[in-house]
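To start, the structure under review is shown below, and the notes come after it.
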Amino acid sequence: MTPTPLAPHTPAIQEALDARDALATALSQAGIQLPAMDIRTPWADDRRAEARYALVHLGVCSAPIALMLADVITKGIAG
């Protein structure tokens, strides 16, 4: 399935793109890749609307990747 194109870039969309990229980099450094990560706006059907906010969509992952994420988070909490 092809992601829905985003509305024209707004500060909100740029913020979500930056957050997605920062998260992808951090996950990559931990040896984790979520290939379906992208950006979504709640009103993707109205391409003319100016995005008030955007969401980082993490997509789905396999059980082993979910366990890796849990392990990385737990280790991070522990210090």
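Just so we're on the same page: first chain in the structure tokens is A, next is B, and so on; residues restart at 1 for each chain, and ligands are numbered from 1 in the order they show up.
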When you look at A:Val72 with a cut-off of 10 Å (counting only C-alpha atoms), what residues show up, excluding the ones that are within fewer than 3 positions of it in the same chain? I need them as a PyMOL selection string. chain A and resi 27+30-32+66-69+75-78
Report as a list of chain:residue names all protein, DNA and RNA residues lying within 8 Å of A:Ala54, evaluated on only C-alpha atoms, omitting residues in the same chain fewer than 2 positions from it. A:Ala12, A:Ile13, A:Ala16, A:Ile39, A:Arg40, A:Thr41, A:Pro42, A:Ala51, A:Arg52, A:Val56
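When only C-alpha atoms are used to measure the gap to A:Asp38, the shortest distance among A:Ala26, A:Ile73, A:Leu17, A:Ile65 belongs to A:Leu17.
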Where in stretch 25-65 of chain A does DSSP assign strand (DSSP E), given as a ChimeraX atom specification? /A:38-40,55-57
